[in-house]
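See structure below.
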Amino acid sequence: MNAVDLQNIYLAYRGKPALNNVSLCVPSGSLLGIFGHNGAGKTTLLKVINGLLRPARGSVCVLGRRLNNESFTEIRKQTAYVPQNIKVDPRMPITAFDVVMMGRFGKIGLLKQPNTRDINAATTAMELLEVLHLADRLYGEISGGEQQRISIARAIAQEPSLLLLDEPTNSIDWEFRSRLGKIIEKIHSERALTTIIVSHEADFLADVCDSIAVMDKGRILGTWAREEFVREYSQSRMS
Amino acid sequence: MDMLRDQFMQNAVLATLFAGISCALIGVLVVTMRLSFIGVCMSHSAFAGALLGLVIGWNPLATAMLFSLAAAGALGPIADRGEFDPDTAMGVVFSSSLGLSFLLLALVPGPKTEALSLLWGSILTVTRTNLLLMAGVALGILVLLKLFYKEIEAVMFSRELALACGVPATAVFYGLLVASGLAITTSLSAIGGLLVFSLVINPAAAAYQIARNLKNMFLLAVTFGILSGWVGLALSCILNLPTGALIIVVSSIIFITATVFSPKKKKLQASIVEAGKTENG
């Protein structure tokens with residue numbers, strides 16, 4: 001079964017196509033990278049999969065259900081999305097732990113309070129991302145890299161079936177970057193997730209992903225297995 | 001203390017209590033979500049609506065509520081869609097409602113006392129009905145906050161992320177706008193159309209400088225809101241000056257004090273210096 005099935009997606013911003021006739025099938029359990037330079041349409045594609053943007057044309061099926069007004073909320077509860085960055089005022093009175101816990105809110109549902117299981121899920125996710133020591137710090141006060149790790153922990157705490165990561169290495173220091181790749185691989189395999197990582201860092205995608213789709217100017221140019229991608233990418237860098 | 005024996009004074013004390021609670025609570029939402037200008041537009045639209053009520057002989061509170069909710073209905077999508085600069089759109093709504101207000105002020109038949117009291121507020125003439133409405137709205141907002149606290153917290157942090165994990169963020173956002181409209185409208189006759197917004201912003205902005213979690217921010221904002229109301233009311237009796245204006249002066253002093261002594265400001269400055277040292281070293 002495909003976790004994501006996009007057919008002929010067209011989406012434009014102010015008349016300029018951001019996704020132009022994009023079709024993409026992501027089998028359940030796969031770890032797919034989407035590589036492309038700035039403005040290629042990668043973030044837009046992730047937002048279409050999560051239902052945050054609605055295409056003008058084409059069909060979107062996620063986790064076996066067609067995305068529409070009825071299915072949006074249920075699908076989103078199973079889909080965790082990590083954006084590139086979240087702009088927050090440094091004085092915003094919300095702690096790092098609060099942010100991670102927010103990942104659980106959709107699943108907890110209306111009129112219910114977080115219980116021990118929710119607190120444990122948030123704590124485990126923070127431990128996994130090595131950010132438990134930041135739990136009581138204000139989210140706005142911590143560094144960009146730490147914020148990024150908190151955002152990923154938030155997504156892990158959600159216990160999703162589909163994990164969407166938009167430029168997860170943003171602001172992450174080099175030392176933690178390779179560990180982050182290992183953490184993503186570990187979560188992906190242990191929790192039997194389908195994971196899609198969008199990045200402009202070819203090396204990171206080649207390290208982590210099983211296959212990599214390349215985007216340019218709102219189109220998918222093709223999808224390659226990791227080894228093929230490395231070969232193609234090194235050749236294109238040489239030429 | 002003798003003054004408190006009078007019915008009108010008891011009403012005034014209760015009105016400042018209820019306005020302090022409801023305005024401060026929605027103030028926390030407006031300040032953290034950076035919707036200050038939406039609040040300004042809504043309070044001025046409510047004022048224009050109340051004046052229209054006086055001109056056409058309808059209940060000013062009802063027309064104020066209609067105008068305020070209409071402004072919320074118009075401004076929500078503007079903030080939502082970002083099709084054009086929200087600041088520009090809100091600037092147009094703000095100046096239009098202010099222009100309409102002054103036009104309607106000129107059209108109010110007979111003496112303008114009631115119309116002007118909507119402008120400056122008249123806390124000593126608050127009626128029992130007004131008081132009940134203010135209490136109902138304050139209680140309603142408290143109940144909503146208790147029931148949907150986690151959803152409101154998620155929307156305040158990031159509407160997009162709240163939506164992304166299955167929180168009904170759009171419904172919560174519009175609910176907050178409606179609650180803001182109701183709080184502003186019911187406080188209009190007591191605090192005044194031009195001043196009510198300060199009671200929304202100042203206590204919450206002061207609490208924002210101090211609180212390190214959202215629950216404390218709500219608590220501090222409500223405390224500052226009630227304190228501003230009661231101290232302003234007391235000063236108004238002692239100095240024989242307009243109550244609404246003094247409430248705002250007190251709330252502004254609280255805000256300035258909180259900003260000057262903000263522990264977050266010191267921490268922020270320290271972390272900037274630390275970051276600078278790391279970069280240079």
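To be explicit about the labels: the chains of the structure tokens are called A, B, and onward in the order shown, and within each one the residues are counted from 1, while ligands get numbers from 1 in the order they are shown.
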
Tell me, as JSON, numbers by chain, which residues lie within 9 Å of B:Ile248, counting only C-alpha atoms; anything in the same chain fewer than 6 positions away does not count. {"B": [195, 196, 198, 199, 202, 228, 229, 232]}

Can you write out the residues you just picked, keeping N, CA, C and O atoms, as a PDB file, in the first residue's frame?
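In the end it all went to result-v8.pdb:
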```
ATOM      1  N   LEU B 195     -10.978  53.801  24.981  1.00  0.00           N
ATOM      2  CA  LEU B 195     -10.058  53.368  26.029  1.00  0.00           C
ATOM      3  C   LEU B 195     -10.046  51.867  26.275  1.00  0.00           C
ATOM      4  O   LEU B 195      -9.096  51.348  26.837  1.00  0.00           O
ATOM      5  N   VAL B 196     -11.136  51.199  25.855  1.00  0.00           N
ATOM      6  CA  VAL B 196     -11.262  49.781  26.217  1.00  0.00           C
ATOM      7  C   VAL B 196     -10.079  48.945  25.721  1.00  0.00           C
ATOM      8  O   VAL B 196      -9.637  48.008  26.392  1.00  0.00           O
ATOM      9  N   SER B 198      -7.000  49.679  25.601  1.00  0.00           N
ATOM     10  CA  SER B 198      -5.841  49.734  26.507  1.00  0.00           C
ATOM     11  C   SER B 198      -6.001  48.731  27.632  1.00  0.00           C
ATOM     12  O   SER B 198      -5.019  48.155  28.101  1.00  0.00           O
ATOM     13  N   LEU B 199      -7.233  48.517  28.082  1.00  0.00           N
ATOM     14  CA  LEU B 199      -7.468  47.540  29.150  1.00  0.00           C
ATOM     15  C   LEU B 199      -7.291  46.105  28.624  1.00  0.00           C
ATOM     16  O   LEU B 199      -7.047  45.191  29.392  1.00  0.00           O
ATOM     17  N   ASN B 202      -2.756  46.470  27.836  1.00  0.00           N
ATOM     18  CA  ASN B 202      -1.757  46.788  28.867  1.00  0.00           C
ATOM     19  C   ASN B 202      -1.550  45.698  29.925  1.00  0.00           C
ATOM     20  O   ASN B 202      -0.410  45.308  30.176  1.00  0.00           O
ATOM     21  N   SER B 228      -5.811  47.480  37.880  1.00  0.00           N
ATOM     22  CA  SER B 228      -5.919  48.745  37.131  1.00  0.00           C
ATOM     23  C   SER B 228      -7.310  49.331  37.332  1.00  0.00           C
ATOM     24  O   SER B 228      -7.465  50.540  37.551  1.00  0.00           O
ATOM     25  N   GLY B 229      -8.331  48.478  37.232  1.00  0.00           N
ATOM     26  CA  GLY B 229      -9.712  48.938  37.349  1.00  0.00           C
ATOM     27  C   GLY B 229     -10.006  49.510  38.722  1.00  0.00           C
ATOM     28  O   GLY B 229     -10.518  50.633  38.840  1.00  0.00           O
ATOM     29  N   GLY B 232      -7.777  52.629  39.492  1.00  0.00           N
ATOM     30  CA  GLY B 232      -8.266  53.744  38.669  1.00  0.00           C
ATOM     31  C   GLY B 232      -9.563  54.304  39.210  1.00  0.00           C
ATOM     32  O   GLY B 232      -9.751  55.525  39.283  1.00  0.00           O
TER      33      GLY B 232
END
```

Neighbouring residues of stretch 141-149 of chain B were defined as those with any atom within 8 Å, considering only C-alpha atoms; residues of the same chain fewer than 3 positions away were excluded. Please report them as a PyMOL selection string. (chain A and resi 110-111) or (chain B and resi 22+25+137-138+152-153+179)

Chain B contacts on chain A, only C-alpha atoms, 7 Å, as a ChimeraX atom specification: /A:50,52,73-74,76-77,79-81,91-95,102-103,105-106,111

Generate a file of the selected residues that holds N, CA, C and O atoms, formatted as a compact mmCIF listing (two decimals), in the first residue's frame.
```txt
# COMPACT_ATOMS: atom_id res chain seq x y z
N ASN A 50 0.25 17.18 3.83
CA ASN A 50 -0.34 17.36 5.16
C ASN A 50 -1.70 18.07 5.11
O ASN A 50 -2.36 18.23 6.14
N LEU A 52 -2.13 21.20 4.47
CA LEU A 52 -2.05 22.61 4.85
C LEU A 52 -2.25 23.50 3.63
O LEU A 52 -2.64 24.65 3.74
N THR A 73 -8.73 16.22 9.34
CA THR A 73 -8.36 16.20 10.76
C THR A 73 -7.84 14.82 11.16
O THR A 73 -6.82 14.72 11.85
N GLU A 74 -8.52 13.77 10.73
CA GLU A 74 -8.10 12.42 11.12
C GLU A 74 -6.73 12.08 10.54
O GLU A 74 -5.89 11.49 11.23
N ARG A 76 -4.40 14.20 9.68
CA ARG A 76 -3.36 15.02 10.33
C ARG A 76 -2.95 14.44 11.69
O ARG A 76 -1.82 14.60 12.12
N LYS A 77 -3.87 13.79 12.38
CA LYS A 77 -3.53 13.19 13.68
C LYS A 77 -2.50 12.07 13.51
O LYS A 77 -1.76 11.74 14.42
N THR A 79 -0.26 12.18 10.99
CA THR A 79 0.83 12.74 10.19
C THR A 79 1.55 13.82 10.99
O THR A 79 0.91 14.80 11.39
N ALA A 80 2.83 13.64 11.24
CA ALA A 80 3.56 14.68 11.98
C ALA A 80 4.37 15.52 11.00
O ALA A 80 5.04 14.98 10.12
N TYR A 81 4.30 16.82 11.18
CA TYR A 81 4.96 17.74 10.25
C TYR A 81 5.94 18.63 11.02
O TYR A 81 5.56 19.27 12.00
N ARG A 91 10.22 36.04 24.28
CA ARG A 91 9.56 36.14 25.59
C ARG A 91 8.25 35.35 25.67
O ARG A 91 7.58 35.37 26.69
N MET A 92 7.86 34.69 24.58
CA MET A 92 6.62 33.91 24.58
C MET A 92 6.64 32.91 25.75
O MET A 92 7.54 32.08 25.85
N PRO A 93 5.64 32.99 26.66
CA PRO A 93 5.72 32.15 27.87
C PRO A 93 5.30 30.69 27.63
O PRO A 93 4.37 30.19 28.25
N ILE A 94 6.00 30.04 26.71
CA ILE A 94 5.72 28.63 26.42
C ILE A 94 7.06 27.88 26.48
O ILE A 94 8.01 28.26 25.79
N THR A 95 7.12 26.86 27.32
CA THR A 95 8.40 26.15 27.51
C THR A 95 8.61 25.10 26.40
O THR A 95 7.67 24.73 25.68
N MET A 102 2.52 19.63 22.77
CA MET A 102 1.51 20.05 21.79
C MET A 102 1.35 19.03 20.66
O MET A 102 0.30 18.94 20.04
N GLY A 103 2.41 18.28 20.39
CA GLY A 103 2.33 17.25 19.36
C GLY A 103 1.24 16.22 19.68
O GLY A 103 0.71 15.56 18.78
N PHE A 105 -1.69 16.92 21.21
CA PHE A 105 -3.01 17.52 21.40
C PHE A 105 -4.08 17.02 20.43
O PHE A 105 -5.23 16.81 20.81
N GLY A 106 -3.70 16.84 19.15
CA GLY A 106 -4.67 16.36 18.17
C GLY A 106 -5.19 14.99 18.54
O GLY A 106 -6.38 14.70 18.46
N LEU A 111 -11.71 18.52 24.81
CA LEU A 111 -12.26 18.38 26.17
C LEU A 111 -11.57 17.31 27.02
O LEU A 111 -12.09 16.89 28.04
```

Point-to-point distance in Å for atom CA of B:Gly20 and atom CA of B:Val249: 14.1 Å

Write out as a ChimeraX atom specification the residues lying within 12 Å of A:Ile187, counting only C-alpha atoms and excluding same-chain residues fewer than 5 positions away. /A:29,31,124-125,128-129,152-153,155-157,159-163,180-182,192-195,208

Give the strand (DSSP E) residues of stretch 2-109 of chain A, as DSSP finds them on the backbone, and put them as an MDAnalysis selection string. chainID A and resid 2:13 16:27 31:35 57:62 65:66 79:82

Emit the selected residues as a compact mmCIF listing (two decimals), in the first residue's frame, including C-alpha atoms.
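Done, and the output landed in out-v7.txt:
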```
# COMPACT_ATOMS: atom_id res chain seq x y z
CA ASN A 2 1.14 3.54 -0.68
CA ALA A 3 1.29 5.86 2.33
CA VAL A 4 1.21 8.82 -0.04
CA ASP A 5 -0.27 8.87 -3.53
CA LEU A 6 -0.25 12.19 -5.38
CA GLN A 7 -1.65 12.37 -8.90
CA ASN A 8 -1.18 15.33 -11.26
CA ILE A 9 -0.95 17.99 -8.54
CA TYR A 10 -1.02 21.58 -9.71
CA LEU A 11 -0.70 24.47 -7.28
CA ALA A 12 0.19 28.08 -8.03
CA TYR A 13 1.03 31.12 -5.90
CA LYS A 16 3.09 31.23 -10.66
CA PRO A 17 3.11 27.41 -10.52
CA ALA A 18 4.79 26.02 -7.40
CA LEU A 19 3.82 22.43 -8.22
CA ASN A 20 3.32 21.61 -11.84
CA ASN A 21 1.64 18.29 -12.60
CA VAL A 22 3.41 16.45 -9.80
CA SER A 23 2.74 12.75 -9.27
CA LEU A 24 4.42 10.83 -6.46
CA CYS A 25 3.85 7.45 -4.83
CA VAL A 26 5.50 6.72 -1.49
CA PRO A 27 5.12 3.09 -0.37
CA LEU A 31 12.23 6.55 3.90
CA LEU A 32 12.14 9.00 1.01
CA GLY A 33 14.26 12.09 0.57
CA ILE A 34 13.17 14.99 -1.62
CA PHE A 35 16.11 16.95 -2.91
CA ARG A 57 -5.92 20.31 -9.52
CA GLY A 58 -5.04 16.68 -8.84
CA SER A 59 -5.78 14.12 -6.17
CA VAL A 60 -4.08 13.58 -2.82
CA CYS A 61 -4.36 10.24 -0.99
CA VAL A 62 -2.63 9.89 2.36
CA ARG A 65 -7.63 8.00 2.42
CA ARG A 66 -8.40 10.72 -0.07
CA THR A 79 0.83 12.74 10.19
CA ALA A 80 3.56 14.68 11.98
CA TYR A 81 4.96 17.74 10.25
CA VAL A 82 8.18 19.52 11.18
```

Tell me which of A:Gln84, A:Ser171, A:Ser211, A:Thr223 sits closest to A:Ser143, counting only C-alpha atoms. A:Ser171

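If only C-alpha atoms are the atoms counted, then among B:Ala70, B:Met134, B:Ile78, B:Ala46 the closest residue to B:Leu98 is B:Ala46.
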
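From atom CA of A:Ala135 back to atom CA of A:Asp173, the distance works out to 19.8 Å.
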
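Proximity to A:Ile212 was assessed for A:Thr43, A:Asn38, A:Ser189, A:Ser30 counting only C-alpha atoms; the smallest distance is recorded for A:Ser30.
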
Can you pull out every residue within 12 Å of stretch 228-233 of chain A, counting only C-alpha atoms, but drop anything in the same chain fewer than 3 positions away, and send it as a CSV table (one decimal) with N, CA and C atoms, in the first residue's frame?
```csv
chain,number,residue,atom,x,y,z
A,32,LEU,N,11.9,8.3,2.3
A,32,LEU,CA,12.1,9.0,1.0
A,32,LEU,C,12.7,10.4,1.3
A,33,GLY,N,13.7,10.7,0.5
A,33,GLY,CA,14.3,12.1,0.6
A,33,GLY,C,13.8,12.9,-0.6
A,34,ILE,N,13.5,14.1,-0.5
A,34,ILE,CA,13.2,15.0,-1.6
A,34,ILE,C,14.2,16.1,-1.7
A,35,PHE,N,15.0,16.0,-2.8
A,35,PHE,CA,16.1,17.0,-2.9
A,35,PHE,C,15.8,18.0,-3.9
A,36,GLY,N,16.2,19.2,-3.7
A,36,GLY,CA,16.0,20.3,-4.6
A,36,GLY,C,16.5,21.6,-4.1
A,201,GLU,N,20.3,19.5,1.2
A,201,GLU,CA,21.6,18.9,1.5
A,201,GLU,C,21.6,17.5,1.0
A,202,ALA,N,22.2,17.4,-0.2
A,202,ALA,CA,22.2,16.0,-0.9
A,202,ALA,C,23.0,15.0,0.0
A,203,ASP,N,24.0,15.4,0.7
A,203,ASP,CA,24.8,14.5,1.5
A,203,ASP,C,24.0,13.9,2.6
A,204,PHE,N,23.2,14.8,3.3
A,204,PHE,CA,22.4,14.3,4.4
A,204,PHE,C,21.4,13.3,3.9
A,205,LEU,N,20.7,13.6,2.8
A,205,LEU,CA,19.7,12.7,2.2
A,205,LEU,C,20.3,11.4,1.8
A,206,ALA,N,21.5,11.5,1.2
A,206,ALA,CA,22.2,10.2,0.8
A,206,ALA,C,22.6,9.4,2.0
A,207,ASP,N,22.9,10.0,3.1
A,207,ASP,CA,23.3,9.3,4.3
A,207,ASP,C,22.1,8.5,4.9
A,208,VAL,N,20.9,9.2,4.9
A,208,VAL,CA,19.8,8.7,5.7
A,208,VAL,C,18.7,7.9,4.8
A,209,CYS,N,18.4,8.4,3.6
A,209,CYS,CA,17.2,7.9,2.9
A,209,CYS,C,17.5,6.7,2.1
A,210,ASP,N,16.4,5.9,1.8
A,210,ASP,CA,16.5,4.7,1.0
A,210,ASP,C,16.5,5.1,-0.5
A,211,SER,N,15.6,6.1,-0.8
A,211,SER,CA,15.5,6.6,-2.2
A,211,SER,C,15.3,8.1,-2.1
A,212,ILE,N,15.7,8.8,-3.2
A,212,ILE,CA,15.6,10.3,-3.2
A,212,ILE,C,15.0,10.7,-4.5
A,213,ALA,N,13.9,11.6,-4.3
A,213,ALA,CA,13.3,12.2,-5.5
A,213,ALA,C,13.9,13.6,-5.7
A,214,VAL,N,14.1,14.0,-6.9
A,214,VAL,CA,14.7,15.3,-7.2
A,214,VAL,C,13.7,16.2,-7.8
A,222,GLY,N,12.7,12.9,-11.1
A,222,GLY,CA,12.8,11.5,-11.1
A,222,GLY,C,13.1,11.0,-9.6
A,223,THR,N,13.0,9.7,-9.4
A,223,THR,CA,13.3,9.2,-8.1
A,223,THR,C,14.4,8.1,-8.3
A,224,TRP,N,15.4,8.2,-7.4
A,224,TRP,CA,16.6,7.3,-7.5
A,224,TRP,C,16.8,6.6,-6.2
A,225,ALA,N,17.3,5.3,-6.3
A,225,ALA,CA,17.7,4.6,-5.1
A,225,ALA,C,19.0,5.4,-4.6
A,236,SER,N,27.1,15.1,-11.4
A,236,SER,CA,26.6,16.4,-11.7
A,236,SER,C,27.5,17.5,-11.1
A,237,ARG,N,28.0,17.2,-9.9
A,237,ARG,CA,28.9,18.1,-9.2
A,237,ARG,C,30.2,18.2,-9.9
A,238,MET,N,30.7,17.1,-10.5
A,238,MET,CA,32.0,17.1,-11.2
A,238,MET,C,31.9,17.9,-12.5
A,239,SER,N,30.7,17.8,-13.1
A,239,SER,CA,30.6,18.4,-14.5
A,239,SER,C,30.3,19.9,-14.5
```

Helix (DSSP H, G or I) positions in stretch 25-88 of chain A, given as a PDB file with all heavy atoms, in the first residue's frame:
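Now in states21.pdb:
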```
ATOM      1  N   LYS A  42       9.618  22.003  -2.793  1.00  0.00           N
ATOM      2  CA  LYS A  42       9.681  20.896  -1.814  1.00  0.00           C
ATOM      3  C   LYS A  42       8.748  21.139  -0.620  1.00  0.00           C
ATOM      4  O   LYS A  42       7.965  20.261  -0.251  1.00  0.00           O
ATOM      5  CB  LYS A  42      11.117  20.715  -1.285  1.00  0.00           C
ATOM      6  CG  LYS A  42      12.198  20.650  -2.350  1.00  0.00           C
ATOM      7  CD  LYS A  42      13.567  20.429  -1.757  1.00  0.00           C
ATOM      8  CE  LYS A  42      14.095  21.525  -0.865  1.00  0.00           C
ATOM      9  NZ  LYS A  42      14.383  22.808  -1.490  1.00  0.00           N
ATOM     10  N   THR A  43       8.839  22.340  -0.039  1.00  0.00           N
ATOM     11  CA  THR A  43       8.008  22.648   1.133  1.00  0.00           C
ATOM     12  C   THR A  43       6.536  22.631   0.754  1.00  0.00           C
ATOM     13  O   THR A  43       5.689  22.109   1.488  1.00  0.00           O
ATOM     14  CB  THR A  43       8.415  24.026   1.703  1.00  0.00           C
ATOM     15  OG1 THR A  43       9.771  23.949   2.127  1.00  0.00           O
ATOM     16  CG2 THR A  43       7.535  24.435   2.876  1.00  0.00           C
ATOM     17  N   THR A  44       6.228  23.179  -0.419  1.00  0.00           N
ATOM     18  CA  THR A  44       4.841  23.192  -0.889  1.00  0.00           C
ATOM     19  C   THR A  44       4.308  21.772  -1.002  1.00  0.00           C
ATOM     20  O   THR A  44       3.175  21.485  -0.605  1.00  0.00           O
ATOM     21  CB  THR A  44       4.759  23.900  -2.269  1.00  0.00           C
ATOM     22  OG1 THR A  44       5.378  25.173  -2.144  1.00  0.00           O
ATOM     23  CG2 THR A  44       3.331  24.069  -2.739  1.00  0.00           C
ATOM     24  N   LEU A  45       5.166  20.878  -1.494  1.00  0.00           N
ATOM     25  CA  LEU A  45       4.761  19.471  -1.651  1.00  0.00           C
ATOM     26  C   LEU A  45       4.428  18.846  -0.288  1.00  0.00           C
ATOM     27  O   LEU A  45       3.395  18.180  -0.134  1.00  0.00           O
ATOM     28  CB  LEU A  45       5.882  18.686  -2.337  1.00  0.00           C
ATOM     29  CG  LEU A  45       5.538  17.254  -2.721  1.00  0.00           C
ATOM     30  CD1 LEU A  45       4.514  17.235  -3.846  1.00  0.00           C
ATOM     31  CD2 LEU A  45       6.779  16.495  -3.166  1.00  0.00           C
ATOM     32  N   LEU A  46       5.283  19.109   0.719  1.00  0.00           N
ATOM     33  CA  LEU A  46       5.006  18.567   2.060  1.00  0.00           C
ATOM     34  C   LEU A  46       3.697  19.117   2.608  1.00  0.00           C
ATOM     35  O   LEU A  46       2.915  18.397   3.232  1.00  0.00           O
ATOM     36  CB  LEU A  46       6.135  18.937   3.036  1.00  0.00           C
ATOM     37  CG  LEU A  46       7.391  18.096   3.067  1.00  0.00           C
ATOM     38  CD1 LEU A  46       8.169  18.350   4.351  1.00  0.00           C
ATOM     39  CD2 LEU A  46       7.100  16.617   2.946  1.00  0.00           C
ATOM     40  N   LYS A  47       3.460  20.413   2.386  1.00  0.00           N
ATOM     41  CA  LYS A  47       2.231  21.027   2.904  1.00  0.00           C
ATOM     42  C   LYS A  47       0.988  20.489   2.194  1.00  0.00           C
ATOM     43  O   LYS A  47      -0.083  20.433   2.789  1.00  0.00           O
ATOM     44  CB  LYS A  47       2.306  22.554   2.778  1.00  0.00           C
ATOM     45  CG  LYS A  47       3.284  23.164   3.766  1.00  0.00           C
ATOM     46  CD  LYS A  47       3.213  24.663   3.792  1.00  0.00           C
ATOM     47  CE  LYS A  47       4.112  25.211   4.888  1.00  0.00           C
ATOM     48  NZ  LYS A  47       4.015  26.657   5.025  1.00  0.00           N
ATOM     49  N   VAL A  48       1.141  20.117   0.939  1.00  0.00           N
ATOM     50  CA  VAL A  48       0.014  19.504   0.220  1.00  0.00           C
ATOM     51  C   VAL A  48      -0.280  18.126   0.817  1.00  0.00           C
ATOM     52  O   VAL A  48      -1.437  17.770   1.047  1.00  0.00           O
ATOM     53  CB  VAL A  48       0.312  19.404  -1.296  1.00  0.00           C
ATOM     54  CG1 VAL A  48      -0.665  18.467  -1.987  1.00  0.00           C
ATOM     55  CG2 VAL A  48       0.241  20.784  -1.932  1.00  0.00           C
ATOM     56  N   ILE A  49       0.790  17.375   1.130  1.00  0.00           N
ATOM     57  CA  ILE A  49       0.600  16.033   1.709  1.00  0.00           C
ATOM     58  C   ILE A  49      -0.096  16.139   3.061  1.00  0.00           C
ATOM     59  O   ILE A  49      -0.957  15.335   3.404  1.00  0.00           O
ATOM     60  CB  ILE A  49       1.961  15.294   1.847  1.00  0.00           C
ATOM     61  CG1 ILE A  49       2.550  15.024   0.452  1.00  0.00           C
ATOM     62  CG2 ILE A  49       1.812  13.989   2.631  1.00  0.00           C
ATOM     63  CD1 ILE A  49       3.980  14.522   0.457  1.00  0.00           C
ATOM     64  N   PHE A  72      -9.395  15.444   6.581  1.00  0.00           N
ATOM     65  CA  PHE A  72      -8.230  16.248   6.968  1.00  0.00           C
ATOM     66  C   PHE A  72      -7.783  16.002   8.410  1.00  0.00           C
ATOM     67  O   PHE A  72      -6.654  15.631   8.677  1.00  0.00           O
ATOM     68  CB  PHE A  72      -8.554  17.744   6.855  1.00  0.00           C
ATOM     69  CG  PHE A  72      -8.243  18.321   5.512  1.00  0.00           C
ATOM     70  CD1 PHE A  72      -9.131  19.181   4.896  1.00  0.00           C
ATOM     71  CD2 PHE A  72      -7.061  18.021   4.863  1.00  0.00           C
ATOM     72  CE1 PHE A  72      -8.868  19.713   3.650  1.00  0.00           C
ATOM     73  CE2 PHE A  72      -6.782  18.552   3.625  1.00  0.00           C
ATOM     74  CZ  PHE A  72      -7.693  19.395   3.020  1.00  0.00           C
ATOM     75  N   THR A  73      -8.727  16.218   9.340  1.00  0.00           N
ATOM     76  CA  THR A  73      -8.355  16.196  10.755  1.00  0.00           C
ATOM     77  C   THR A  73      -7.843  14.823  11.164  1.00  0.00           C
ATOM     78  O   THR A  73      -6.819  14.720  11.854  1.00  0.00           O
ATOM     79  CB  THR A  73      -9.565  16.605  11.618  1.00  0.00           C
ATOM     80  OG1 THR A  73     -10.044  17.842  11.088  1.00  0.00           O
ATOM     81  CG2 THR A  73      -9.202  16.817  13.059  1.00  0.00           C
ATOM     82  N   GLU A  74      -8.519  13.767  10.732  1.00  0.00           N
ATOM     83  CA  GLU A  74      -8.100  12.418  11.120  1.00  0.00           C
ATOM     84  C   GLU A  74      -6.734  12.078  10.540  1.00  0.00           C
ATOM     85  O   GLU A  74      -5.887  11.495  11.227  1.00  0.00           O
ATOM     86  CB  GLU A  74      -9.150  11.387  10.676  1.00  0.00           C
ATOM     87  CG  GLU A  74     -10.380  11.336  11.575  1.00  0.00           C
ATOM     88  CD  GLU A  74     -10.036  11.265  13.070  1.00  0.00           C
ATOM     89  OE1 GLU A  74      -9.254  10.371  13.440  1.00  0.00           O
ATOM     90  OE2 GLU A  74     -10.523  12.100  13.847  1.00  0.00           O
ATOM     91  N   ILE A  75      -6.518  12.458   9.266  1.00  0.00           N
ATOM     92  CA  ILE A  75      -5.225  12.162   8.636  1.00  0.00           C
ATOM     93  C   ILE A  75      -4.100  12.928   9.335  1.00  0.00           C
ATOM     94  O   ILE A  75      -3.027  12.398   9.587  1.00  0.00           O
ATOM     95  CB  ILE A  75      -5.275  12.482   7.122  1.00  0.00           C
ATOM     96  CG1 ILE A  75      -6.161  11.454   6.419  1.00  0.00           C
ATOM     97  CG2 ILE A  75      -3.873  12.486   6.511  1.00  0.00           C
ATOM     98  CD1 ILE A  75      -6.432  11.736   4.975  1.00  0.00           C
ATOM     99  N   ARG A  76      -4.396  14.203   9.680  1.00  0.00           N
ATOM    100  CA  ARG A  76      -3.359  15.016  10.334  1.00  0.00           C
ATOM    101  C   ARG A  76      -2.951  14.438  11.693  1.00  0.00           C
ATOM    102  O   ARG A  76      -1.818  14.604  12.120  1.00  0.00           O
ATOM    103  CB  ARG A  76      -3.863  16.449  10.513  1.00  0.00           C
ATOM    104  CG  ARG A  76      -3.775  17.251   9.244  1.00  0.00           C
ATOM    105  CD  ARG A  76      -4.441  18.565   9.446  1.00  0.00           C
ATOM    106  NE  ARG A  76      -4.430  19.350   8.229  1.00  0.00           N
ATOM    107  CZ  ARG A  76      -5.311  20.289   7.972  1.00  0.00           C
ATOM    108  NH1 ARG A  76      -6.275  20.545   8.834  1.00  0.00           N
ATOM    109  NH2 ARG A  76      -5.243  20.981   6.859  1.00  0.00           N
ATOM    110  N   LYS A  77      -3.867  13.787  12.379  1.00  0.00           N
ATOM    111  CA  LYS A  77      -3.525  13.187  13.677  1.00  0.00           C
ATOM    112  C   LYS A  77      -2.502  12.071  13.508  1.00  0.00           C
ATOM    113  O   LYS A  77      -1.756  11.743  14.423  1.00  0.00           O
ATOM    114  CB  LYS A  77      -4.787  12.640  14.361  1.00  0.00           C
ATOM    115  CG  LYS A  77      -5.677  13.745  14.918  1.00  0.00           C
ATOM    116  CD  LYS A  77      -6.950  13.198  15.510  1.00  0.00           C
ATOM    117  CE  LYS A  77      -7.900  14.334  15.854  1.00  0.00           C
ATOM    118  NZ  LYS A  77      -9.223  13.856  16.253  1.00  0.00           N
TER     119      LYS A  77
END
```

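The coordinates place atom CA of B:Ala64 at 14.5 Å from atom CA of B:Phe197.
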
Skipping near chain neighbours, those fewer than 6 positions away, what residues fall within 12 Å of B:Ser95 using only C-alpha atoms, listed as a PyMOL selection string? chain B and resi 37+40-42+44-45+48+87-89+101-102

If we count only C-alpha atoms, what is near B:Ser122 at a cut-off of 10 Å, once residues fewer than 3 positions away on the same chain are taken out, given as a VMD selection string? chain B and resid 12 114 116 to 119 125 to 126 188 to 192 242 to 244

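Shortest atom-to-atom contact with B:Leu52 among B:Pro109, B:Gly76, B:Gly121, B:Gly39: B:Pro109, counting only C-alpha atoms.
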